[in-house]
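Text of data-v9.cif, listed as mmCIF, C-alpha atoms:
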```
data_query
#
loop_
_atom_site.label_atom_id
_atom_site.label_comp_id
_atom_site.auth_asym_id
_atom_site.auth_seq_id
_atom_site.Cartn_x
_atom_site.Cartn_y
_atom_site.Cartn_z
CA MET A 56 0.00 0.00 0.00
CA GLY A 57 3.03 2.27 0.22
CA THR A 58 3.68 5.15 2.56
CA PRO A 59 0.98 5.75 5.20
CA LEU A 60 -1.29 8.68 4.54
CA ASP A 61 -2.28 11.52 6.87
CA ILE A 62 -6.08 11.18 7.06
CA ALA A 63 -8.39 13.68 8.73
CA VAL A 64 -11.60 12.10 10.04
CA ILE A 65 -14.33 14.73 10.42
CA ALA A 66 -17.78 14.37 11.96
CA ALA A 67 -20.13 16.69 13.84
CA PHE A 68 -20.57 14.11 16.61
CA ASP A 69 -19.08 10.92 17.98
CA ALA A 70 -20.65 7.50 17.39
CA PRO A 71 -19.52 3.85 17.60
CA TYR A 72 -19.78 3.29 13.84
CA ILE A 73 -17.56 6.33 13.21
CA ARG A 74 -15.04 4.92 15.68
CA ASP A 75 -15.15 1.63 13.73
CA ASP A 76 -13.97 3.45 10.61
CA ILE A 77 -11.29 5.26 12.58
CA ARG A 78 -9.92 1.96 13.86
CA LEU A 79 -9.77 0.42 10.39
CA LEU A 80 -8.01 3.49 8.99
CA GLU A 81 -5.49 3.48 11.84
CA ARG A 82 -4.34 -0.02 10.86
CA LYS A 83 -2.54 1.39 7.82
CA HIS A 84 -2.48 5.17 8.15
CA THR A 85 -2.01 8.14 10.46
CA VAL A 86 -5.39 9.44 11.53
CA ARG A 87 -6.21 12.87 12.97
CA ILE A 88 -9.67 13.17 14.46
CA GLN A 89 -12.21 15.96 14.82
CA LEU A 90 -15.54 14.81 16.25
CA GLY A 91 -17.87 17.49 17.56
CA ASN A 92 -19.42 20.82 16.74
CA GLY A 93 -19.06 24.50 17.55
CA ALA A 94 -16.64 27.25 16.55
CA THR A 95 -13.54 25.49 17.86
CA ALA A 96 -14.52 22.30 16.07
CA PHE A 97 -15.00 24.19 12.81
CA LEU A 98 -11.57 25.84 13.08
CA LYS A 99 -9.94 22.47 13.75
CA THR A 100 -11.82 21.01 10.79
CA VAL A 101 -10.37 23.70 8.52
CA TRP A 102 -6.89 23.22 9.95
CA LEU A 103 -6.98 19.46 9.43
CA ALA A 104 -8.37 19.79 5.92
CA LEU A 105 -5.49 22.12 5.01
CA ARG A 106 -2.76 19.74 6.16
CA SER A 107 -4.02 16.22 5.42
CA ASP A 108 -3.53 13.90 2.46
CA VAL A 109 -7.15 12.73 2.66
CA VAL A 110 -10.27 14.03 4.37
CA PHE A 111 -12.69 11.30 5.46
CA CYS A 112 -16.01 12.83 6.50
CA TRP A 113 -19.00 11.16 8.09
CA PHE A 114 -22.13 13.03 6.95
CA ALA A 115 -22.43 16.07 4.70
CA SER A 116 -22.80 18.34 7.71
CA VAL A 117 -21.46 21.89 7.72
CA TYR A 118 -18.18 20.46 9.03
CA GLY A 119 -17.90 17.55 6.61
CA SER A 120 -18.97 19.67 3.66
CA ALA A 121 -16.47 22.43 4.50
CA ALA A 122 -13.65 19.88 4.73
CA VAL A 123 -14.59 18.37 1.35
CA LEU A 124 -14.74 21.76 -0.34
CA ILE A 125 -11.37 22.82 1.10
CA ALA A 126 -9.90 19.53 -0.10
CA GLY A 127 -11.31 20.22 -3.55
CA LEU A 128 -9.65 23.63 -3.68
CA LEU A 129 -6.31 22.11 -2.67
CA GLY A 130 -6.54 19.06 -4.91
CA THR A 131 -6.62 16.83 -1.82
CA ARG A 132 -8.53 13.56 -1.89
CA SER A 133 -11.85 13.33 -0.11
CA ILE A 134 -14.24 10.59 0.97
CA LEU A 135 -17.71 11.61 2.14
CA VAL A 136 -19.97 9.08 3.89
CA ILE A 137 -23.69 9.79 3.71
CA GLY A 138 -25.90 8.21 6.36
CA GLY A 139 -29.44 9.64 6.21
CA VAL A 140 -30.14 13.06 7.70
CA ASP A 141 -27.59 14.67 5.38
CA VAL A 142 -29.57 13.64 2.27
CA ALA A 143 -33.06 14.23 3.65
CA LYS A 144 -35.67 16.94 3.39
CA ASP A 145 -38.90 15.96 5.15
CA ASP A 146 -40.87 18.99 6.24
CA ALA A 147 -43.71 16.90 7.66
CA LEU A 148 -41.34 15.25 10.12
CA GLY A 149 -39.16 18.31 10.60
CA TYR A 150 -36.22 16.15 9.54
CA GLY A 151 -33.28 16.59 7.25
CA LEU A 152 -30.31 18.88 6.73
CA TRP A 153 -31.78 20.07 3.42
CA ARG A 154 -34.65 21.82 5.21
CA SER A 155 -32.10 24.61 5.70
CA GLY A 156 -31.52 26.34 2.37
CA TRP A 157 -27.88 27.28 2.93
CA LYS A 158 -26.96 23.94 4.53
CA GLY A 159 -28.53 22.11 1.61
CA LYS A 160 -26.55 24.20 -0.89
CA LEU A 161 -23.35 23.51 1.05
CA ALA A 162 -24.06 19.79 1.22
CA GLY A 163 -24.93 19.71 -2.48
CA ALA A 164 -21.64 21.38 -3.39
CA ALA A 165 -19.76 18.89 -1.22
CA LEU A 166 -21.53 15.90 -2.78
CA ARG A 167 -20.65 17.12 -6.26
CA ARG A 168 -17.02 17.88 -5.37
CA ALA A 169 -16.16 14.85 -3.23
CA GLY A 170 -13.77 12.35 -4.73
CA ARG A 171 -15.91 9.49 -3.46
CA VAL A 172 -19.31 9.47 -1.77
CA LEU A 173 -19.99 6.30 0.19
CA SER A 174 -23.67 5.55 0.76
CA VAL A 175 -24.59 3.10 3.51
CA ASP A 176 -27.80 2.18 1.65
CA PRO A 177 -28.88 2.42 -2.01
CA SER A 178 -31.93 4.51 -1.05
CA LEU A 179 -29.59 7.25 0.18
CA SER A 180 -27.73 7.27 -3.14
CA ASP A 181 -31.02 8.07 -4.85
CA ASP A 182 -31.78 10.81 -2.32
CA ALA A 183 -28.35 12.38 -2.84
CA ARG A 184 -28.72 12.46 -6.63
CA ARG A 185 -32.19 13.96 -6.39
CA LEU A 186 -31.43 16.65 -3.81
CA ALA A 187 -28.04 17.66 -5.22
CA ALA A 188 -29.41 17.48 -8.79
CA TYR A 189 -26.43 15.69 -10.29
CA PRO A 190 -25.70 12.28 -11.89
CA GLY A 191 -23.86 11.04 -8.79
CA LYS A 192 -21.12 9.18 -10.64
CA ASN A 193 -18.90 9.53 -7.55
CA ILE A 194 -21.42 7.68 -5.33
CA GLU A 195 -20.70 4.11 -4.29
CA TYR A 196 -22.80 1.79 -2.15
CA LEU A 197 -20.80 0.59 0.85
CA PRO A 198 -22.74 -0.46 3.94
CA THR A 199 -21.43 -0.31 7.46
CA GLY A 200 -19.98 -3.58 8.75
CA TYR A 201 -20.52 -5.66 11.86
CA ASP A 202 -18.56 -8.20 13.90
CA PRO A 203 -20.53 -11.46 14.23
CA GLY A 204 -18.01 -12.64 16.80
CA PHE A 205 -19.13 -9.90 19.18
CA TRP A 206 -22.79 -9.61 18.20
CA LYS A 207 -23.94 -13.20 18.72
CA PRO A 208 -26.75 -15.16 20.40
CA ALA A 209 -26.24 -16.45 23.92
CA GLY A 210 -29.44 -18.36 24.77
CA GLY A 211 -31.89 -17.57 27.55
CA ARG A 212 -34.13 -15.47 25.30
CA ARG A 213 -37.30 -13.96 26.79
CA PRO A 214 -40.57 -12.96 25.07
CA GLN A 215 -39.82 -9.25 25.02
CA ILE A 216 -39.64 -6.54 22.37
CA LEU A 217 -36.52 -4.35 22.22
CA THR A 218 -35.91 -1.01 20.50
CA VAL A 219 -32.63 0.94 20.66
CA ALA A 220 -32.47 4.49 19.30
CA ARG A 221 -30.55 7.63 20.20
CA VAL A 222 -33.35 10.17 20.41
CA ASP A 223 -32.77 13.59 21.94
CA ASP A 224 -35.41 15.80 20.30
CA SER A 225 -39.06 15.65 19.32
CA ALA A 226 -38.33 15.38 15.59
CA ARG A 227 -36.23 12.26 16.05
CA PHE A 228 -38.91 10.89 18.39
CA ARG A 229 -41.26 10.74 15.40
CA VAL A 230 -38.59 9.86 12.84
CA LYS A 231 -37.65 6.80 14.89
CA GLY A 232 -41.32 5.91 15.35
CA ILE A 233 -41.24 5.92 19.14
CA ASP A 234 -44.85 7.14 19.22
CA LEU A 235 -45.85 4.09 17.14
CA LEU A 236 -44.00 1.78 19.48
CA LEU A 237 -45.82 3.21 22.50
CA ALA A 238 -49.15 2.76 20.71
CA SER A 239 -48.31 -0.91 20.12
CA ALA A 240 -47.28 -1.35 23.75
CA ARG A 241 -50.69 -0.11 24.84
CA GLN A 242 -52.37 -2.64 22.56
CA ILE A 243 -50.23 -5.58 23.75
CA PRO A 244 -50.23 -5.07 27.54
CA ALA A 245 -49.04 -8.62 28.26
CA ALA A 246 -45.80 -8.10 26.32
CA ALA A 247 -42.69 -6.50 27.79
CA PHE A 248 -41.22 -3.62 25.78
CA ILE A 249 -37.68 -2.34 26.40
CA LEU A 250 -36.69 1.06 25.00
CA ILE A 251 -33.06 2.17 25.20
CA GLY A 252 -31.58 5.57 24.36
CA VAL A 253 -34.57 7.93 24.29
CA ASP A 254 -34.24 11.06 26.42
CA ARG A 255 -36.77 10.78 29.27
CA ARG A 256 -37.61 14.48 28.95
CA LEU A 257 -39.33 13.75 25.63
CA PHE A 258 -41.98 11.75 27.49
CA SER A 259 -43.15 14.82 29.42
CA GLY A 260 -46.93 14.89 29.25
CA THR A 261 -47.04 11.39 27.75
CA GLU A 262 -48.26 8.45 29.77
CA ILE A 263 -45.74 5.65 29.49
CA PRO A 264 -47.48 2.25 29.41
CA PRO A 265 -46.60 0.09 32.45
CA ASN A 266 -45.19 -2.66 30.21
CA VAL A 267 -42.52 -0.29 28.79
CA SER A 268 -39.13 -0.12 30.52
CA LEU A 269 -36.89 2.85 29.72
CA TYR A 270 -33.09 2.80 29.83
CA PRO A 271 -30.55 5.50 28.96
CA ALA A 272 -28.14 5.21 26.05
CA MET A 273 -25.38 2.73 26.79
CA LYS A 274 -22.15 1.30 25.43
CA ARG A 275 -22.02 -1.73 23.16
CA GLU A 276 -20.87 -4.04 25.92
CA GLU A 277 -23.93 -3.05 27.96
CA LEU A 278 -26.30 -3.36 24.99
CA LEU A 279 -25.21 -6.87 24.06
CA PRO A 280 -27.14 -8.75 26.79
CA PHE A 281 -30.32 -6.84 25.93
CA TYR A 282 -30.07 -8.03 22.33
CA GLN A 283 -29.25 -11.56 23.45
CA SER A 284 -32.19 -11.80 25.85
CA SER A 285 -34.88 -10.28 23.59
CA SER A 286 -36.93 -12.43 21.23
CA VAL A 287 -38.06 -9.52 19.01
CA TYR A 288 -36.33 -6.37 17.85
CA CYS A 289 -38.50 -3.50 16.54
CA GLN A 290 -37.30 -0.72 14.21
CA PRO A 291 -40.43 1.39 13.59
CA SER A 292 -38.67 4.33 11.90
CA ARG A 293 -40.46 6.57 9.46
CA ARG A 294 -37.09 7.21 7.77
CA GLU A 295 -33.91 5.17 8.05
CA GLY A 296 -30.53 4.74 6.41
CA LEU A 297 -29.03 1.43 7.51
CA ALA A 298 -29.80 1.11 11.22
CA ASN A 299 -26.80 -0.21 13.13
CA THR A 300 -28.99 -1.32 16.02
CA LEU A 301 -31.23 -3.35 13.70
CA CYS A 302 -28.25 -5.17 12.21
CA GLU A 303 -26.72 -5.78 15.65
CA ALA A 304 -29.99 -7.20 16.95
CA MET A 305 -30.34 -9.49 13.95
CA LEU A 306 -26.81 -10.77 14.50
CA CYS A 307 -27.82 -11.60 18.06
CA GLY A 308 -30.71 -13.72 16.80
CA CYS A 309 -33.63 -11.37 17.44
CA TYR A 310 -36.62 -11.69 15.14
CA PRO A 311 -36.78 -8.29 13.34
CA VAL A 312 -39.93 -6.26 12.80
CA ALA A 313 -39.30 -3.02 10.92
CA SER A 314 -41.00 -0.35 8.87
CA ALA A 315 -40.61 -0.77 5.13
CA VAL A 316 -38.34 2.23 4.56
CA GLY A 317 -34.76 2.73 3.35
CA GLY A 318 -32.15 0.48 4.87
CA ASN A 319 -34.69 -1.52 6.86
CA ILE A 320 -35.74 -3.16 3.60
CA THR A 321 -32.11 -3.85 2.72
CA ALA A 322 -31.34 -5.34 6.13
CA LEU A 323 -34.36 -7.63 6.43
CA GLY A 324 -34.63 -8.95 2.88
CA ASP A 325 -36.68 -12.13 3.13
CA THR A 326 -36.29 -12.40 6.91
CA GLY A 327 -38.43 -10.91 9.68
CA THR A 328 -41.48 -8.76 9.01
CA LEU A 329 -41.72 -5.42 7.21
CA VAL A 330 -44.75 -3.21 7.92
CA PRO A 331 -46.01 -0.02 6.24
CA SER A 332 -44.34 3.10 7.62
CA GLY A 333 -46.46 4.99 10.14
CA ASP A 334 -49.09 2.22 10.41
CA ALA A 335 -49.55 1.54 14.14
CA ALA A 336 -52.15 -1.18 13.61
CA SER A 337 -49.91 -3.17 11.23
CA LEU A 338 -46.99 -2.75 13.61
CA THR A 339 -49.02 -4.06 16.53
CA ALA A 340 -50.21 -7.09 14.57
CA ALA A 341 -46.67 -7.87 13.39
CA LEU A 342 -45.23 -7.61 16.91
CA SER A 343 -47.94 -9.86 18.35
CA GLU A 344 -47.22 -12.47 15.69
CA ALA A 345 -43.43 -12.11 16.05
CA LEU A 346 -43.59 -13.06 19.73
CA GLN A 347 -44.77 -16.52 18.64
CA ARG A 348 -41.81 -17.13 16.34
CA GLY A 349 -39.13 -19.71 17.12
CA ASP A 350 -35.37 -19.27 17.36
CA GLU A 351 -34.84 -20.63 13.84
CA GLU A 352 -36.29 -17.40 12.43
CA GLY A 353 -33.75 -15.37 14.39
CA ALA A 354 -31.00 -17.63 13.06
CA ARG A 355 -32.04 -16.75 9.49
CA ALA A 356 -31.87 -13.06 10.35
CA ARG A 357 -28.38 -13.50 11.78
CA ALA A 358 -27.20 -15.40 8.71
CA ARG A 359 -28.32 -12.57 6.44
CA ILE A 360 -26.30 -9.92 8.28
CA VAL A 361 -23.26 -12.21 8.48
CA ALA A 362 -23.40 -12.72 4.71
CA LEU A 363 -24.13 -9.15 3.61
CA PHE A 364 -22.48 -6.83 6.12
CA PRO A 365 -19.21 -8.24 7.49
CA ALA A 366 -16.87 -5.66 8.98
CA GLU A 367 -14.03 -7.02 6.83
CA LYS A 368 -15.88 -6.10 3.63
CA ARG A 369 -15.99 -2.42 4.55
CA GLU A 370 -12.38 -2.41 5.74
CA ARG A 371 -11.08 -4.00 2.54
CA ALA A 372 -13.07 -1.62 0.35
CA ILE A 373 -11.95 1.57 2.12
CA LEU A 374 -8.30 0.57 2.31
CA ARG A 375 -8.41 -0.45 -1.36
CA MET A 376 -9.85 2.96 -2.29
CA LEU A 377 -7.07 4.73 -0.47
CA GLY A 378 -4.47 2.63 -2.26
CA GLU A 379 -6.03 2.96 -5.71
CA ASP A 380 -6.52 6.71 -5.42
CA ARG A 381 -2.76 7.24 -5.07
CA THR A 382 -2.30 6.67 -8.77
#
```

Any chance you could put this one into C-alpha cells?
Amino acid sequence: MGTPLDIAVIAAFDAPYIRDDIRLLERKHTVRIQLGNGATAFLKTVWLALRSDVVFCWFASVYGSAAVLIAGLLGTRSILVIGGVDVAKDDALGYGLWRSGWKGKLAGAALRRAGRVLSVDPSLSDDARRLAAYPGKNIEYLPTGYDPGFWKPAGGRRPQILTVARVDDSARFRVKGIDLLLASARQIPAAAFILIGVDRRLFSGTEIPPNVSLYPAMKREELLPFYQSSSVYCQPSRREGLANTLCEAMLCGCYPVASAVGGNITALGDTGTLVPSGDAASLTAALSEALQRGDEEGARARARIVALFPAEKRERAILRMLGEDRT
C-alpha cells in the first residue's frame, strides 16, 4: 500500500460506527480526528483539511462539507460518507439537513465535489442524486460492517420486544417511530417492551405504558445482553438509512420487525417482518405475531447480516480505495 497517509476524520458528533472506521483506517495510516461541533470544532476542521492527504467525512454536515470543499480547492482527496439526515428533506417530520436552504446548498456542493461518496444504503444514493441534482457518478454503495463474533446469540431469550435508538429531540422521536412503538405497547399489555436511548424528557406529558421499561443510552458491551435476551427487535422508523442497532440485533438472533423504509428493507430482505411506515395497527399485529416465532427465524436473520455486512468487507473496500486513489 506504500507510505501511510495523513487522514483527517471529520464528523459533527461521535458514534460507535464512526469509531469503527477510525480503527480500520489506523491499521494502515495516520489518523487525525475531529468529532464534535461548535466554533472550535469548525476551526480544527479547517486546519486538518489544510494539512491532510485525505479528508474522510462522516455526513455532509457543515463540518464535513467544509472539509470536502477545502480539499477540492487544494486538490486533496476526499471521501464523504452519507448516512441519512444529510440527504433528507422531510418537512412533515421536521427532519433533514436540506430543510435549511444554505446547509442544503453547502451539502450539495460537497456531494458534487467529493472524490468518493460512500452511501450506507442504495436509497440514500437516490436521495443524494435527487437533492443535489447531479448524476452522482462519484457515489458508491458501501454499507457499514458488523462483527458477528461480538454480536452473537447467547441463549436464555425472553418474550420481550426491544428497540434501541438515540433520540434527543421531538423530531427524532417521530422519525424513529417511538410514538408508534408506545401505541403498540398499549395494545399488547401482556408483552414486555424495552426502550433504550430515548431522552426521558421527551416523554413529558405522555403516559408511558406500564409494560414499557426505559433505559438511557449505553455502550455496546452493555447493549449486548439486551439483544441476546430479547426475542423480538423493533425498528419502527419513518425514515432510516441502515440502522446499526437493527443489524446488531439481527446478529444476536432477534426476530426483526421493521417499517418498510430505506435500509430496513435492505437489512431484512426475506427475513423478519416489514410493515407499512407509520401504520400503528400493522406494527401491533406484526409484533404480536413475532412473539410466537421460534429461534430458527432469528437464526435466518443473523445469517443474512453475516453474509451481507461483514466488517471485513468495509475495511477492505476503504483501504483499497485509499491505495487505488494514489495513482

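Distance annotation: of A:Glu379, A:Glu81, A:Glu351, A:Asp234, the residue with the minimal separation from Pro208 in chain A is A:Glu351; atom set is all atoms listed in the file.
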
## Note on the structure
If you count all atoms listed in the file, the residue of A:Ile249, A:Val222, A:Ala304, A:Ile194 closest to Pro177 in chain A turns out to be A:Ile194

#### Entry: Length of the CA of Trp102 in chain A to CA of Leu124 in chain A vector [Å]
13.0 Å

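Candidate residues A:Leu148, A:Ile373, A:Met305, A:Cys289 were compared for distance to Ala322 in chain A, and the nearest is A:Met305, using all atoms listed in the file.
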
### Query
Taking the file as shown, what set of residues would the PyMOL selection byres ((chain A and resi 270-285) around 9) give back, as a PyMOL selection string?
chain A and resi 71+205-217+219-221+249-255+268-269+286-288+303-310

Hey, could you make a per-residue contact list for range 154-263 of chain A against range 137-140 of chain A with 9 Å as the cut-off, showing the nearest pair of atoms and its distance in Å to one decimal, counting only C-alpha atoms, sorted by chain and number, as a Markdown table?
```
| residue | atom | partner | partner_atom | distance |
| --- | --- | --- | --- | --- |
| A:Val172 | CA | A:Ile137 | CA | 7.0 |
| A:Leu173 | CA | A:Ile137 | CA | 6.2 |
| A:Ser174 | CA | A:Ile137 | CA | 5.2 |
| A:Val175 | CA | A:Gly138 | CA | 6.0 |
| A:Asp176 | CA | A:Gly138 | CA | 7.9 |
| A:Leu179 | CA | A:Gly139 | CA | 6.5 |
| A:Ser180 | CA | A:Ile137 | CA | 8.3 |
| A:Asp182 | CA | A:Gly139 | CA | 8.9 |
| A:Ala183 | CA | A:Ile137 | CA | 8.4 |
```

#### Entry: Selection near Lys99 in chain A, 10 Å with all atoms listed in the file, sequence-local residues under 2 positions removed, as JSON, numbers by chain
{"A": [65, 88, 89, 90, 94, 95, 96, 97, 101, 102, 103, 104, 105, 118]}

#### Entry: Who sits within 10 Å of Ile360 in chain A, all atoms listed in the file, same chain under 3 positions skipped, as a ChimeraX atom specification
/A:200-203,301-306,322-324,355-357,363-365

### Message
Using all atoms listed in the file, can you tell me which of A:Gln347, A:Ser259, A:Thr326, A:Ala366 comes closest to Asp76 in chain A?
### Response
A:Ala366
